[in-house]
Amino acid sequence: MNHSLPILSLRWIPVWRRNFLVWRKLLGPSMVGNFIEPLLYLLALGFGLGVFVGEMQGMPYSVFLASGLVCASAMNTATFESLFSAYTRMAHQQTWGGMLAAPLMVDDIVLGEMLWSGTKSLISVAPILAVAAAMGLVHDANTLWVLPLILLAGASFAALALCVTAFARSYDFFVYYFTLVITPMFLLSGTFFPLDAMPKAVQWGAQVLPLTHAVELVRPLMTGAPLKAPLLHLAVLTLYGAAGLYLACILLRRRLKA
Amino acid sequence: MPQAASYGRNAVCARGLSKIYNGTPVVDGIALTIPTGLCFGLLGPNGAGKTTTLRMLLGATDPSGGTLEVLGHPVPAQAREMRARVGVVPQQDNLDPDFSVIENLRVYASYFGLSGPALERRIEEVLHFAELDYKARAGINTLSGGMKRRLTLARALINDPELLILDEPTTGLDPQARQMLWQRLRTLMAQGKTLILTTHYMEEAERLCQRIAVMDHGRILAEDSPAGLIERHIEPQVVEVYGSDVQTWFNSHARTHVERAEHIGETVFCYAHDTRALLDDLATRPQLRYIHRPANLEDVFLKLTGRDLRD
Ligand SMILES: Nc1ncnc2c1ncn2[C@@H]1O[C@H](COP(=O)(O)OP(=O)(O)O)[C@@H](O)[C@H]1O
Ligand SMILES: [Mg+2]
């Protein structure tokens with residue numbers, strides 16, 4: 001197996017661009033959904049459930065929820081793109097096969113796909129921020145810092161998902177990853193409720209989850225609460241992304257060059 | 001072709017090239033020397049190792065052993081540099097279904113770093129070459145099989161490659177589409193490009209290729225010009241005999257008149273340098289019918305690779 005470090009170059013751009021051009025063609029329906037879905041969540045859960053919940057960590061539930069929604073959406077979008085869509089391009093459409101007959105390398109494809117999935121996270125999060133801002137659920141312009149953060153977090157989730165895709169023989173395989181990794185992370189990272197009431201072990205365990213660290217950064221930026229240990233959270237997200245990228249390159253080189 | 005000098009007269013030079021999957025050698029230490037400017041055919045039954053060989057040439061899979069140079073670049077070490085100068089028509093279509101014909105060409109060109117007015121001119125040229133000008137804005141799913149193949153060829157030409165690698169370019173096409181593709185490939189040869197193609201259509205190899213390697217079980221069984229293969233590997237004349245009682249005749253007489261005879265299904269194939277004695281014999285047997293013809297590449301192929309079904 002080829003364990004050499006990924007060769008990073010600007011050759012990821014045509015890979016990213018190909019996906020972007022396809023996305024642009026199918027833009028209409030997906031964008032409407034991107035606005036309507038967070039609107040429904042914020043209205044139904046934020047106000048419906050919020051009436052019973054009242055305040056959470058000193059803020060109205062809908063404010064708390066908005067930042068959780070941003071992080072969960074970033075994770076889901078990037079993961080979906082790097083599992084299902086990337087698998088379609090790899091296995092069914094042989095898109096990557098075409099790229100590998102041109103002067104592109106597996107590492108270029110992995111980097112391009114990872115950054116594209118990060119971009120998709122951004123595309124899904126921006127409307128949520130807009131809707132939340134329109135509903136008065138964000139504190140100030142510092143919220144805009146969420147955008148680059150989501151690009152980083154989305155790319156990191158994508159890199160992890162690409163490692164799973166490297167093993168997949170069908171779409172069914174992805175159910176395991178969702179059930180065993182994504183859903184628990186979704187529930188245990190403080191996105192929809194704080195973990196204060198959970199057993200200490202769960203609270204500590206949650207500290208290894210990348211989503212936890214995304215929430216720790218995004219929530220203060222959106223609500224105006226003070227940022228705690230931002231460099232630590234950034235480092236964890238970056239580490240997951242870098243390790244995922246390295247591993248995805250190794251695994252996909254092995255699969256595609258078999 | 002200014003670059004020709006940099007790699008001399010051979011587009012491909014492989015020594016002891018092998019690929020092992022799960023302990024089984026799928027390509028088993030082959031030597032290949034493919035001179036520039038000609039059309040080289042790789043012939044073999046399904047599973048012979050043709051696609052695997054081409055994938056190694058492209059650096060798409062790493063050899064398990066041997067040395068390989070393509071257009072003067074050591075492969076896989078400089079596969080990326082080499083691929084910038086090569087066009088590929090893969091066995092399975094991998095056109096982008098979300099894009100139109102022209103978008104497919106533009107996006108594929110972007111993988112080579114090509115863009116701008118020069119690219120637009122090139123796209124016009126290759127579309128014209130593939131007779132797809134009028135389909136430029138059509139979606140991929142509206143194209144016939146032959147059109148898709150032609151588009152794949154046009155796409156392979158986008159970087160004006162010196163070497164074209166085509167894996168079963170005409171499999172599944174109707175005769176008209178096949179003829180049209182052959183004619184395009186001849187034009188490319190006339191332009192001085194080197195072509196490497198795999199096929200299991202003998203008449204395709206016979207018509208297009210100046211040199212042919214017959215491959216089976218990962219080995220090259222013979223390599224020569226089509227005429228040379230026929231001359232060296234098989235008797236020049238073939239008589240196919242059918243009819244009731246052909247079995248009895250095969251057992252008692254066939255081999256007394258010719259060097260070699262095989263009984264397959266309802267037919268006896270007789271191979272000989274001189275068929276006079278055989279034809280005299282057959283003239284006395286009105287119950288047997290026969291066809292007398294010169295030996296062709298298919299006879300050579302079947303002799304070398306056997307008649308067993310492969311899948
Ligand atoms: N990635 C692979 N893993 C394992 N076996 C393979 C792989 N690719 C090809 N093979 C096997 O290698 C043999 C040769 O395949 P291939 O080169 O595709 O033959 P051809 O193109 O001549 O039909 C076949 O038996 C095939 O099953
Ligand atoms: Mg093949």
# chains A, B, ... in the order shown; residues from 1 in each chain; ligands from 1
>>> interface_residues(of="chain A", to="chain B", cutoff="8 Å", atoms="only C-alpha atoms", output="short mmCIF file (atom, residue, chain, number, x, y, z; two decimals) with all heavy atoms, in the first residue's frame")
data_model
loop_
_atom_site.label_atom_id
_atom_site.label_comp_id
_atom_site.auth_asym_id
_atom_site.auth_seq_id
_atom_site.Cartn_x
_atom_site.Cartn_y
_atom_site.Cartn_z
N PRO A 14 -10.14 21.67 -11.01
CA PRO A 14 -11.07 21.11 -12.01
C PRO A 14 -12.03 20.05 -11.43
O PRO A 14 -13.16 19.92 -11.92
CB PRO A 14 -10.14 20.50 -13.07
CG PRO A 14 -8.77 20.55 -12.52
CD PRO A 14 -8.74 21.57 -11.45
N VAL A 15 -11.60 19.34 -10.41
CA VAL A 15 -12.47 18.34 -9.78
C VAL A 15 -13.62 19.06 -9.06
O VAL A 15 -14.80 18.72 -9.22
CB VAL A 15 -11.67 17.46 -8.78
CG1 VAL A 15 -12.58 16.46 -8.10
CG2 VAL A 15 -10.50 16.78 -9.49
N ARG A 18 -16.00 20.71 -11.65
CA ARG A 18 -16.91 19.77 -12.32
C ARG A 18 -18.16 19.56 -11.45
O ARG A 18 -19.29 19.61 -11.93
CB ARG A 18 -16.18 18.45 -12.57
CG ARG A 18 -17.03 17.42 -13.30
CD ARG A 18 -17.38 16.26 -12.36
NE ARG A 18 -18.49 15.49 -12.89
CZ ARG A 18 -19.57 15.18 -12.19
NH1 ARG A 18 -19.71 15.60 -10.95
NH2 ARG A 18 -20.53 14.49 -12.72
N VAL A 22 -22.22 20.78 -12.17
CA VAL A 22 -23.39 19.88 -12.10
C VAL A 22 -24.39 20.44 -11.11
O VAL A 22 -25.60 20.51 -11.38
CB VAL A 22 -22.98 18.45 -11.69
CG1 VAL A 22 -24.21 17.59 -11.45
CG2 VAL A 22 -22.10 17.82 -12.76
N GLN A 93 -20.86 6.23 -12.29
CA GLN A 93 -20.62 7.07 -13.46
C GLN A 93 -19.17 7.02 -13.93
O GLN A 93 -18.86 7.51 -15.01
CB GLN A 93 -20.99 8.53 -13.13
CG GLN A 93 -22.47 8.68 -12.88
CD GLN A 93 -22.88 10.11 -12.59
OE1 GLN A 93 -24.01 10.37 -12.24
NE2 GLN A 93 -21.94 11.05 -12.71
N GLN A 94 -18.30 6.41 -13.12
CA GLN A 94 -16.88 6.33 -13.50
C GLN A 94 -16.29 7.71 -13.80
O GLN A 94 -15.39 7.83 -14.64
CB GLN A 94 -16.72 5.41 -14.71
CG GLN A 94 -16.97 3.94 -14.41
CD GLN A 94 -15.90 3.34 -13.51
OE1 GLN A 94 -14.73 3.72 -13.57
NE2 GLN A 94 -16.28 2.41 -12.63
N THR A 95 -16.84 8.73 -13.13
CA THR A 95 -16.32 10.08 -13.34
C THR A 95 -14.84 10.15 -12.95
O THR A 95 -14.03 10.76 -13.63
CB THR A 95 -17.11 11.09 -12.49
OG1 THR A 95 -18.50 10.81 -12.66
CG2 THR A 95 -16.83 12.51 -12.91
N GLY A 97 -12.77 7.71 -12.92
CA GLY A 97 -12.01 6.95 -13.91
C GLY A 97 -11.61 7.85 -15.06
O GLY A 97 -10.47 7.79 -15.55
N GLY A 98 -12.54 8.71 -15.51
CA GLY A 98 -12.23 9.65 -16.58
C GLY A 98 -11.14 10.63 -16.15
O GLY A 98 -10.22 10.92 -16.91
N MET A 99 -11.22 11.10 -14.92
CA MET A 99 -10.20 12.05 -14.44
C MET A 99 -8.84 11.39 -14.37
O MET A 99 -7.82 12.01 -14.65
CB MET A 99 -10.59 12.54 -13.04
CG MET A 99 -11.85 13.40 -13.04
SD MET A 99 -12.40 13.71 -11.34
CE MET A 99 -13.72 14.87 -11.66
N LEU A 100 -8.84 10.10 -14.02
CA LEU A 100 -7.55 9.40 -13.85
C LEU A 100 -6.95 9.01 -15.19
O LEU A 100 -5.80 8.60 -15.25
CB LEU A 100 -7.73 8.16 -12.96
CG LEU A 100 -8.06 8.49 -11.50
CD1 LEU A 100 -8.38 7.22 -10.72
CD2 LEU A 100 -6.90 9.21 -10.84
N ALA A 101 -7.74 9.11 -16.28
CA ALA A 101 -7.17 8.91 -17.61
C ALA A 101 -6.57 10.21 -18.13
O ALA A 101 -5.84 10.23 -19.11
CB ALA A 101 -8.23 8.39 -18.58
N ALA A 102 -6.89 11.30 -17.47
CA ALA A 102 -6.31 12.62 -17.77
C ALA A 102 -5.17 12.83 -16.76
O ALA A 102 -4.97 12.00 -15.89
CB ALA A 102 -7.39 13.68 -17.63
N PRO A 103 -4.46 13.94 -16.87
CA PRO A 103 -3.33 14.13 -15.94
C PRO A 103 -3.77 14.56 -14.54
O PRO A 103 -3.29 15.54 -14.02
CB PRO A 103 -2.48 15.21 -16.61
CG PRO A 103 -3.12 15.51 -17.90
CD PRO A 103 -4.48 14.99 -17.91
N LEU A 104 -4.69 13.84 -13.93
CA LEU A 104 -5.05 14.06 -12.52
C LEU A 104 -4.69 12.80 -11.74
O LEU A 104 -4.66 11.71 -12.29
CB LEU A 104 -6.55 14.37 -12.38
CG LEU A 104 -7.05 15.66 -13.03
CD1 LEU A 104 -8.55 15.81 -12.81
CD2 LEU A 104 -6.31 16.87 -12.48
N MET A 105 -4.46 12.99 -10.44
CA MET A 105 -4.08 11.87 -9.58
C MET A 105 -5.18 11.65 -8.55
O MET A 105 -6.02 12.52 -8.32
CB MET A 105 -2.77 12.17 -8.86
CG MET A 105 -1.65 12.62 -9.76
SD MET A 105 -1.10 11.33 -10.89
CE MET A 105 0.16 10.55 -9.90
N LEU A 256 -8.68 2.58 -6.13
CA LEU A 256 -8.78 3.00 -7.54
C LEU A 256 -7.63 2.46 -8.38
O LEU A 256 -7.76 2.31 -9.58
CB LEU A 256 -8.81 4.53 -7.62
CG LEU A 256 -10.04 5.18 -6.96
CD1 LEU A 256 -9.88 6.68 -6.88
CD2 LEU A 256 -11.31 4.81 -7.72
N LYS A 257 -6.51 2.18 -7.74
CA LYS A 257 -5.37 1.71 -8.53
C LYS A 257 -5.19 0.20 -8.42
O LYS A 257 -4.16 -0.34 -8.83
CB LYS A 257 -4.10 2.44 -8.10
CG LYS A 257 -4.22 3.94 -8.31
CD LYS A 257 -2.90 4.65 -8.25
CE LYS A 257 -2.14 4.47 -9.54
NZ LYS A 257 -0.80 5.05 -9.50
N ALA A 258 -6.21 -0.50 -7.90
CA ALA A 258 -6.11 -1.96 -7.77
C ALA A 258 -5.99 -2.57 -9.17
O ALA A 258 -6.52 -2.03 -10.12
CB ALA A 258 -7.33 -2.52 -7.08
#
>>> residues_around(residues="Leu143 in chain B", least_positions_apart="5", cutoff="12 Å", atoms="only C-alpha atoms", output="count of residues only")
15
>>> closest_atom_pairs(of="chain B", to="ligand 1", cutoff="10 Å", atoms="only C-alpha atoms and all ligand atoms", output="JSON lines")
{"residue": "B:Lys19", "atom": "CA", "partner": "ligand 1", "partner_atom_place_in_ligand_line": "12 (O)", "distance": 8.7}
{"residue": "B:Ile20", "atom": "CA", "partner": "ligand 1", "partner_atom_place_in_ligand_line": "5 (N)", "distance": 8.3}
{"residue": "B:Tyr21", "atom": "CA", "partner": "ligand 1", "partner_atom_place_in_ligand_line": "4 (C)", "distance": 5.0}
{"residue": "B:Asn22", "atom": "CA", "partner": "ligand 1", "partner_atom_place_in_ligand_line": "4 (C)", "distance": 6.9}
{"residue": "B:Gly23", "atom": "CA", "partner": "ligand 1", "partner_atom_place_in_ligand_line": "4 (C)", "distance": 9.8}
{"residue": "B:Thr24", "atom": "CA", "partner": "ligand 1", "partner_atom_place_in_ligand_line": "12 (O)", "distance": 8.4}
{"residue": "B:Pro25", "atom": "CA", "partner": "ligand 1", "partner_atom_place_in_ligand_line": "12 (O)", "distance": 8.1}
{"residue": "B:Val26", "atom": "CA", "partner": "ligand 1", "partner_atom_place_in_ligand_line": "12 (O)", "distance": 4.9}
{"residue": "B:Val27", "atom": "CA", "partner": "ligand 1", "partner_atom_place_in_ligand_line": "14 (C)", "distance": 7.5}
{"residue": "B:Leu42", "atom": "CA", "partner": "ligand 1", "partner_atom_place_in_ligand_line": "22 (O)", "distance": 8.8}
{"residue": "B:Leu43", "atom": "CA", "partner": "ligand 1", "partner_atom_place_in_ligand_line": "22 (O)", "distance": 8.1}
{"residue": "B:Gly44", "atom": "CA", "partner": "ligand 1", "partner_atom_place_in_ligand_line": "22 (O)", "distance": 6.0}
{"residue": "B:Pro45", "atom": "CA", "partner": "ligand 1", "partner_atom_place_in_ligand_line": "22 (O)", "distance": 6.1}
{"residue": "B:Asn46", "atom": "CA", "partner": "ligand 1", "partner_atom_place_in_ligand_line": "23 (O)", "distance": 3.7}
{"residue": "B:Gly47", "atom": "CA", "partner": "ligand 1", "partner_atom_place_in_ligand_line": "19 (O)", "distance": 3.5}
{"residue": "B:Ala48", "atom": "CA", "partner": "ligand 1", "partner_atom_place_in_ligand_line": "22 (O)", "distance": 3.8}
{"residue": "B:Gly49", "atom": "CA", "partner": "ligand 1", "partner_atom_place_in_ligand_line": "17 (O)", "distance": 3.3}
{"residue": "B:Lys50", "atom": "CA", "partner": "ligand 1", "partner_atom_place_in_ligand_line": "22 (O)", "distance": 3.7}
{"residue": "B:Thr51", "atom": "CA", "partner": "ligand 1", "partner_atom_place_in_ligand_line": "21 (O)", "distance": 3.6}
{"residue": "B:Thr52", "atom": "CA", "partner": "ligand 1", "partner_atom_place_in_ligand_line": "17 (O)", "distance": 3.7}
{"residue": "B:Thr53", "atom": "CA", "partner": "ligand 1", "partner_atom_place_in_ligand_line": "17 (O)", "distance": 6.4}
{"residue": "B:Leu54", "atom": "CA", "partner": "ligand 1", "partner_atom_place_in_ligand_line": "17 (O)", "distance": 8.0}
{"residue": "B:Arg55", "atom": "CA", "partner": "ligand 1", "partner_atom_place_in_ligand_line": "17 (O)", "distance": 8.3}
{"residue": "B:Met56", "atom": "CA", "partner": "ligand 1", "partner_atom_place_in_ligand_line": "17 (O)", "distance": 9.9}
{"residue": "B:Thr61", "atom": "CA", "partner": "ligand 1", "partner_atom_place_in_ligand_line": "1 (N)", "distance": 8.8}
{"residue": "B:Gln91", "atom": "CA", "partner": "ligand 1", "partner_atom_place_in_ligand_line": "21 (O)", "distance": 8.4}
{"residue": "B:Asp167", "atom": "CA", "partner": "ligand 1", "partner_atom_place_in_ligand_line": "21 (O)", "distance": 7.9}
{"residue": "B:Glu168", "atom": "CA", "partner": "ligand 1", "partner_atom_place_in_ligand_line": "21 (O)", "distance": 8.6}
{"residue": "B:Thr198", "atom": "CA", "partner": "ligand 1", "partner_atom_place_in_ligand_line": "21 (O)", "distance": 8.0}
{"residue": "B:Thr199", "atom": "CA", "partner": "ligand 1", "partner_atom_place_in_ligand_line": "22 (O)", "distance": 9.0}
{"residue": "B:His200", "atom": "CA", "partner": "ligand 1", "partner_atom_place_in_ligand_line": "22 (O)", "distance": 9.2}
{"residue": "B:Met215", "atom": "CA", "partner": "ligand 1", "partner_atom_place_in_ligand_line": "22 (O)", "distance": 7.9}
{"residue": "B:Asp216", "atom": "CA", "partner": "ligand 1", "partner_atom_place_in_ligand_line": "22 (O)", "distance": 7.7}
{"residue": "B:His217", "atom": "CA", "partner": "ligand 1", "partner_atom_place_in_ligand_line": "14 (C)", "distance": 7.8}
{"residue": "B:Gly218", "atom": "CA", "partner": "ligand 1", "partner_atom_place_in_ligand_line": "14 (C)", "distance": 7.4}
{"residue": "B:Arg310", "atom": "CA", "partner": "ligand 1", "partner_atom_place_in_ligand_line": "23 (O)", "distance": 9.6}
>>> write_last_selection(atoms="N, CA and C atoms", output="JSON list (two decimals), in the first residue's frame")
[["chain", "number", "residue", "atom", "x", "y", "z"],
["B", 19, "LYS", "N", 1.09, -8.43, -13.81],
["B", 19, "LYS", "CA", 0.13, -7.99, -12.80],
["B", 19, "LYS", "C", -0.45, -9.23, -12.14],
["B", 20, "ILE", "N", -0.37, -9.25, -10.85],
["B", 20, "ILE", "CA", -0.87, -10.41, -10.10],
["B", 20, "ILE", "C", -2.06, -9.98, -9.26],
["B", 21, "TYR", "N", -3.19, -10.66, -9.43],
["B", 21, "TYR", "CA", -4.37, -10.44, -8.57],
["B", 21, "TYR", "C", -4.60, -11.69, -7.74],
["B", 22, "ASN", "N", -4.62, -11.54, -6.45],
["B", 22, "ASN", "CA", -4.88, -12.65, -5.53],
["B", 22, "ASN", "C", -4.02, -13.88, -5.87],
["B", 23, "GLY", "N", -2.75, -13.65, -6.14],
["B", 23, "GLY", "CA", -1.86, -14.77, -6.41],
["B", 23, "GLY", "C", -1.90, -15.28, -7.83],
["B", 24, "THR", "N", -2.86, -14.80, -8.63],
["B", 24, "THR", "CA", -2.95, -15.28, -10.02],
["B", 24, "THR", "C", -2.36, -14.23, -10.96],
["B", 25, "PRO", "N", -1.38, -14.63, -11.77],
["B", 25, "PRO", "CA", -0.88, -13.66, -12.74],
["B", 25, "PRO", "C", -1.88, -13.43, -13.87],
["B", 26, "VAL", "N", -2.40, -12.22, -13.94],
["B", 26, "VAL", "CA", -3.41, -11.88, -14.94],
["B", 26, "VAL", "C", -2.69, -11.35, -16.19],
["B", 27, "VAL", "N", -1.57, -10.68, -15.96],
["B", 27, "VAL", "CA", -0.63, -10.38, -17.04],
["B", 27, "VAL", "C", 0.69, -10.97, -16.58],
["B", 42, "LEU", "N", -4.31, -5.45, -29.82],
["B", 42, "LEU", "CA", -4.15, -6.46, -28.78],
["B", 42, "LEU", "C", -5.39, -7.33, -28.85],
["B", 43, "LEU", "N", -5.20, -8.57, -29.26],
["B", 43, "LEU", "CA", -6.33, -9.47, -29.49],
["B", 43, "LEU", "C", -6.35, -10.55, -28.43],
["B", 44, "GLY", "N", -7.53, -10.89, -27.96],
["B", 44, "GLY", "CA", -7.58, -12.00, -27.01],
["B", 44, "GLY", "C", -8.99, -12.21, -26.54],
["B", 45, "PRO", "N", -9.30, -13.43, -26.10],
["B", 45, "PRO", "CA", -10.64, -13.69, -25.58],
["B", 45, "PRO", "C", -10.90, -12.92, -24.30],
["B", 46, "ASN", "N", -12.13, -12.91, -23.83],
["B", 46, "ASN", "CA", -12.47, -12.24, -22.57],
["B", 46, "ASN", "C", -11.60, -12.79, -21.44],
["B", 47, "GLY", "N", -11.08, -11.88, -20.63],
["B", 47, "GLY", "CA", -10.29, -12.30, -19.48],
["B", 47, "GLY", "C", -8.83, -12.56, -19.83],
["B", 48, "ALA", "N", -8.43, -12.28, -21.07],
["B", 48, "ALA", "CA", -7.05, -12.56, -21.48],
["B", 48, "ALA", "C", -6.05, -11.65, -20.77],
["B", 49, "GLY", "N", -6.51, -10.49, -20.33],
["B", 49, "GLY", "CA", -5.61, -9.53, -19.68],
["B", 49, "GLY", "C", -5.38, -8.27, -20.50],
["B", 50, "LYS", "N", -6.21, -8.05, -21.50],
["B", 50, "LYS", "CA", -6.03, -6.88, -22.38],
["B", 50, "LYS", "C", -6.25, -5.58, -21.62],
["B", 51, "THR", "N", -7.39, -5.47, -20.95],
["B", 51, "THR", "CA", -7.69, -4.23, -20.23],
["B", 51, "THR", "C", -6.66, -3.97, -19.14],
["B", 52, "THR", "N", -6.28, -5.01, -18.43],
["B", 52, "THR", "CA", -5.28, -4.84, -17.38],
["B", 52, "THR", "C", -3.97, -4.33, -17.96],
["B", 53, "THR", "N", -3.59, -4.85, -19.13],
["B", 53, "THR", "CA", -2.37, -4.37, -19.79],
["B", 53, "THR", "C", -2.49, -2.88, -20.11],
["B", 54, "LEU", "N", -3.62, -2.50, -20.70],
["B", 54, "LEU", "CA", -3.81, -1.07, -21.04],
["B", 54, "LEU", "C", -3.80, -0.21, -19.79],
["B", 55, "ARG", "N", -4.42, -0.71, -18.72],
["B", 55, "ARG", "CA", -4.46, 0.09, -17.49],
["B", 55, "ARG", "C", -3.05, 0.30, -16.94],
["B", 56, "MET", "N", -2.20, -0.70, -17.10],
["B", 56, "MET", "CA", -0.81, -0.51, -16.66],
["B", 56, "MET", "C", -0.10, 0.51, -17.54],
["B", 61, "THR", "N", -3.07, 1.44, -12.98],
["B", 61, "THR", "CA", -2.78, 0.43, -11.96],
["B", 61, "THR", "C", -1.29, 0.13, -12.03],
["B", 91, "GLN", "N", -13.11, 1.00, -22.10],
["B", 91, "GLN", "CA", -14.03, -0.07, -22.49],
["B", 91, "GLN", "C", -15.46, 0.30, -22.15],
["B", 167, "ASP", "N", -9.92, 0.78, -25.82],
["B", 167, "ASP", "CA", -10.25, -0.54, -25.29],
["B", 167, "ASP", "C", -11.61, -0.97, -25.84],
["B", 168, "GLU", "N", -11.59, -1.90, -26.77],
["B", 168, "GLU", "CA", -12.80, -2.39, -27.43],
["B", 168, "GLU", "C", -13.68, -1.23, -27.93],
["B", 198, "THR", "N", -7.69, -2.71, -28.41],
["B", 198, "THR", "CA", -8.03, -4.10, -28.16],
["B", 198, "THR", "C", -9.35, -4.38, -28.85],
["B", 199, "THR", "N", -9.52, -5.61, -29.23],
["B", 199, "THR", "CA", -10.76, -5.98, -29.89],
["B", 199, "THR", "C", -10.88, -7.49, -29.85],
["B", 200, "HIS", "N", -12.11, -7.98, -29.99],
["B", 200, "HIS", "CA", -12.19, -9.39, -30.35],
["B", 200, "HIS", "C", -12.90, -9.59, -31.67],
["B", 215, "MET", "N", -3.20, -12.47, -27.39],
["B", 215, "MET", "CA", -2.94, -12.62, -25.97],
["B", 215, "MET", "C", -3.93, -13.61, -25.37],
["B", 216, "ASP", "N", -3.48, -14.43, -24.46],
["B", 216, "ASP", "CA", -4.40, -15.28, -23.68],
["B", 216, "ASP", "C", -3.74, -15.65, -22.37],
["B", 217, "HIS", "N", -4.53, -15.75, -21.32],
["B", 217, "HIS", "CA", -4.04, -16.10, -20.00],
["B", 217, "HIS", "C", -2.84, -15.25, -19.61],
["B", 218, "GLY", "N", -2.88, -13.96, -19.98],
["B", 218, "GLY", "CA", -1.84, -13.04, -19.55],
["B", 218, "GLY", "C", -0.55, -13.13, -20.32],
["B", 310, "ARG", "N", -15.36, -18.73, -23.00],
["B", 310, "ARG", "CA", -14.69, -18.06, -21.87],
["B", 310, "ARG", "C", -15.66, -17.48, -20.86]]
>>> atom_distance(atom1="CA of Thr238 in chain A", atom2="CA of Gly58 in chain A")
29.7 Å
>>> select_by_dssp(residues="range 159-212 of chain A", states="alpha helix (DSSP H)", output="PyMOL selection string")
chain A and resi 159-165+174-177+183-188+200-206+210-212
>>> atom_distance(atom1="CA of Gly118 in chain A", atom2="CA of Ser170 in chain A")
23.3 Å
>>> residues_around(residues="Arg293 in chain B", least_positions_apart="5", cutoff="7 Å", atoms="only C-alpha atoms", output="PyMOL selection string")
chain B and resi 237-239
>>> closest_residue(among="B:Ile102, B:Leu32, B:Leu166, B:Ala118", to="ligand 2", atoms="only C-alpha atoms and all ligand atoms")
B:Leu166
>>> select_by_dssp(residues="range 62-307 of chain B", states="strand (DSSP E or B)", output="number ranges by chain")
B: 65-70, 73-74, 86-89, 100, 139, 163-167, 194-199, 211-216, 219-224, 237-243, 260-264, 267-272, 288-294
>>> residues_around(residues="Leu152 in chain A", least_positions_apart="4", cutoff="10 Å", atoms="only C-alpha atoms", output="PyMOL selection string")
chain A and resi 74+115+118-119+121-122+146-148+156-158+214+234+237-238+241
>>> write_last_selection(atoms="N, CA and C atoms", output="mmCIF file, in the first residue's frame")
data_model
loop_
_atom_site.group_PDB
_atom_site.id
_atom_site.type_symbol
_atom_site.label_atom_id
_atom_site.label_comp_id
_atom_site.auth_asym_id
_atom_site.auth_seq_id
_atom_site.Cartn_x
_atom_site.Cartn_y
_atom_site.Cartn_z
ATOM 1 N N ALA A 74 -24.276 21.292 8.446
ATOM 2 C CA ALA A 74 -22.959 21.226 7.812
ATOM 3 C C ALA A 74 -22.461 19.786 7.783
ATOM 4 N N LEU A 115 -13.080 19.400 -0.679
ATOM 5 C CA LEU A 115 -13.369 20.834 -0.670
ATOM 6 C C LEU A 115 -14.744 21.119 -1.279
ATOM 7 N N GLY A 118 -17.189 20.464 1.452
ATOM 8 C CA GLY A 118 -17.138 21.610 2.363
ATOM 9 C C GLY A 118 -17.933 22.778 1.790
ATOM 10 N N THR A 119 -17.798 22.974 0.485
ATOM 11 C CA THR A 119 -18.558 24.042 -0.172
ATOM 12 C C THR A 119 -20.058 23.784 -0.079
ATOM 13 N N SER A 121 -21.541 22.248 2.287
ATOM 14 C CA SER A 121 -21.923 22.609 3.663
ATOM 15 C C SER A 121 -22.213 24.102 3.744
ATOM 16 N N LEU A 122 -21.315 24.853 3.145
ATOM 17 C CA LEU A 122 -21.467 26.305 3.140
ATOM 18 C C LEU A 122 -22.782 26.699 2.460
ATOM 19 N N VAL A 146 -18.887 32.427 11.063
ATOM 20 C CA VAL A 146 -19.353 31.040 10.992
ATOM 21 C C VAL A 146 -19.070 30.453 9.610
ATOM 22 N N LEU A 147 -19.118 31.290 8.575
ATOM 23 C CA LEU A 147 -18.974 30.765 7.207
ATOM 24 C C LEU A 147 -17.631 30.056 6.971
ATOM 25 N N PRO A 148 -16.493 30.728 7.220
ATOM 26 C CA PRO A 148 -15.236 29.989 7.022
ATOM 27 C C PRO A 148 -15.114 28.769 7.933
ATOM 28 N N SER A 156 -13.779 18.666 6.873
ATOM 29 C CA SER A 156 -13.309 17.620 7.781
ATOM 30 C C SER A 156 -14.288 16.449 7.814
ATOM 31 N N PHE A 157 -15.580 16.736 7.924
ATOM 32 C CA PHE A 157 -16.571 15.649 7.887
ATOM 33 C C PHE A 157 -16.500 14.912 6.544
ATOM 34 N N ALA A 158 -16.240 15.653 5.486
ATOM 35 C CA ALA A 158 -16.156 15.033 4.160
ATOM 36 C C ALA A 158 -14.974 14.076 4.090
ATOM 37 N N ALA A 214 -17.235 21.908 16.645
ATOM 38 C CA ALA A 214 -17.867 22.856 15.720
ATOM 39 C C ALA A 214 -18.912 23.674 16.482
ATOM 40 N N LEU A 234 -10.488 24.725 16.987
ATOM 41 C CA LEU A 234 -10.005 24.806 15.600
ATOM 42 C C LEU A 234 -9.003 23.701 15.316
ATOM 43 N N LEU A 237 -10.740 20.276 14.879
ATOM 44 C CA LEU A 237 -11.388 20.174 13.560
ATOM 45 C C LEU A 237 -10.348 19.996 12.452
ATOM 46 N N THR A 238 -9.265 20.772 12.542
ATOM 47 C CA THR A 238 -8.219 20.691 11.519
ATOM 48 C C THR A 238 -7.557 19.316 11.530
ATOM 49 N N GLY A 241 -9.689 16.799 9.902
ATOM 50 C CA GLY A 241 -9.643 17.010 8.457
ATOM 51 C C GLY A 241 -8.351 16.488 7.851
#
>>> closest_residue(among="A:Phe35, A:Tyr41, A:Trp204, A:Phe20", to="Ile128 in chain A", atoms="only C-alpha atoms")
A:Phe35
>>> residues_around(residues="Leu43 in chain A", least_positions_apart="3", cutoff="12 Å", atoms="only C-alpha atoms", output="list in words")
Ile36, Glu37, Pro38, Leu39, Leu40, Gly46, Phe47, Gly48, Leu49, Gly50, Val51, Tyr61, Ser62, Val63, Leu65, Ala66, Val131, Ala132, Met135 and Leu137 of chain A
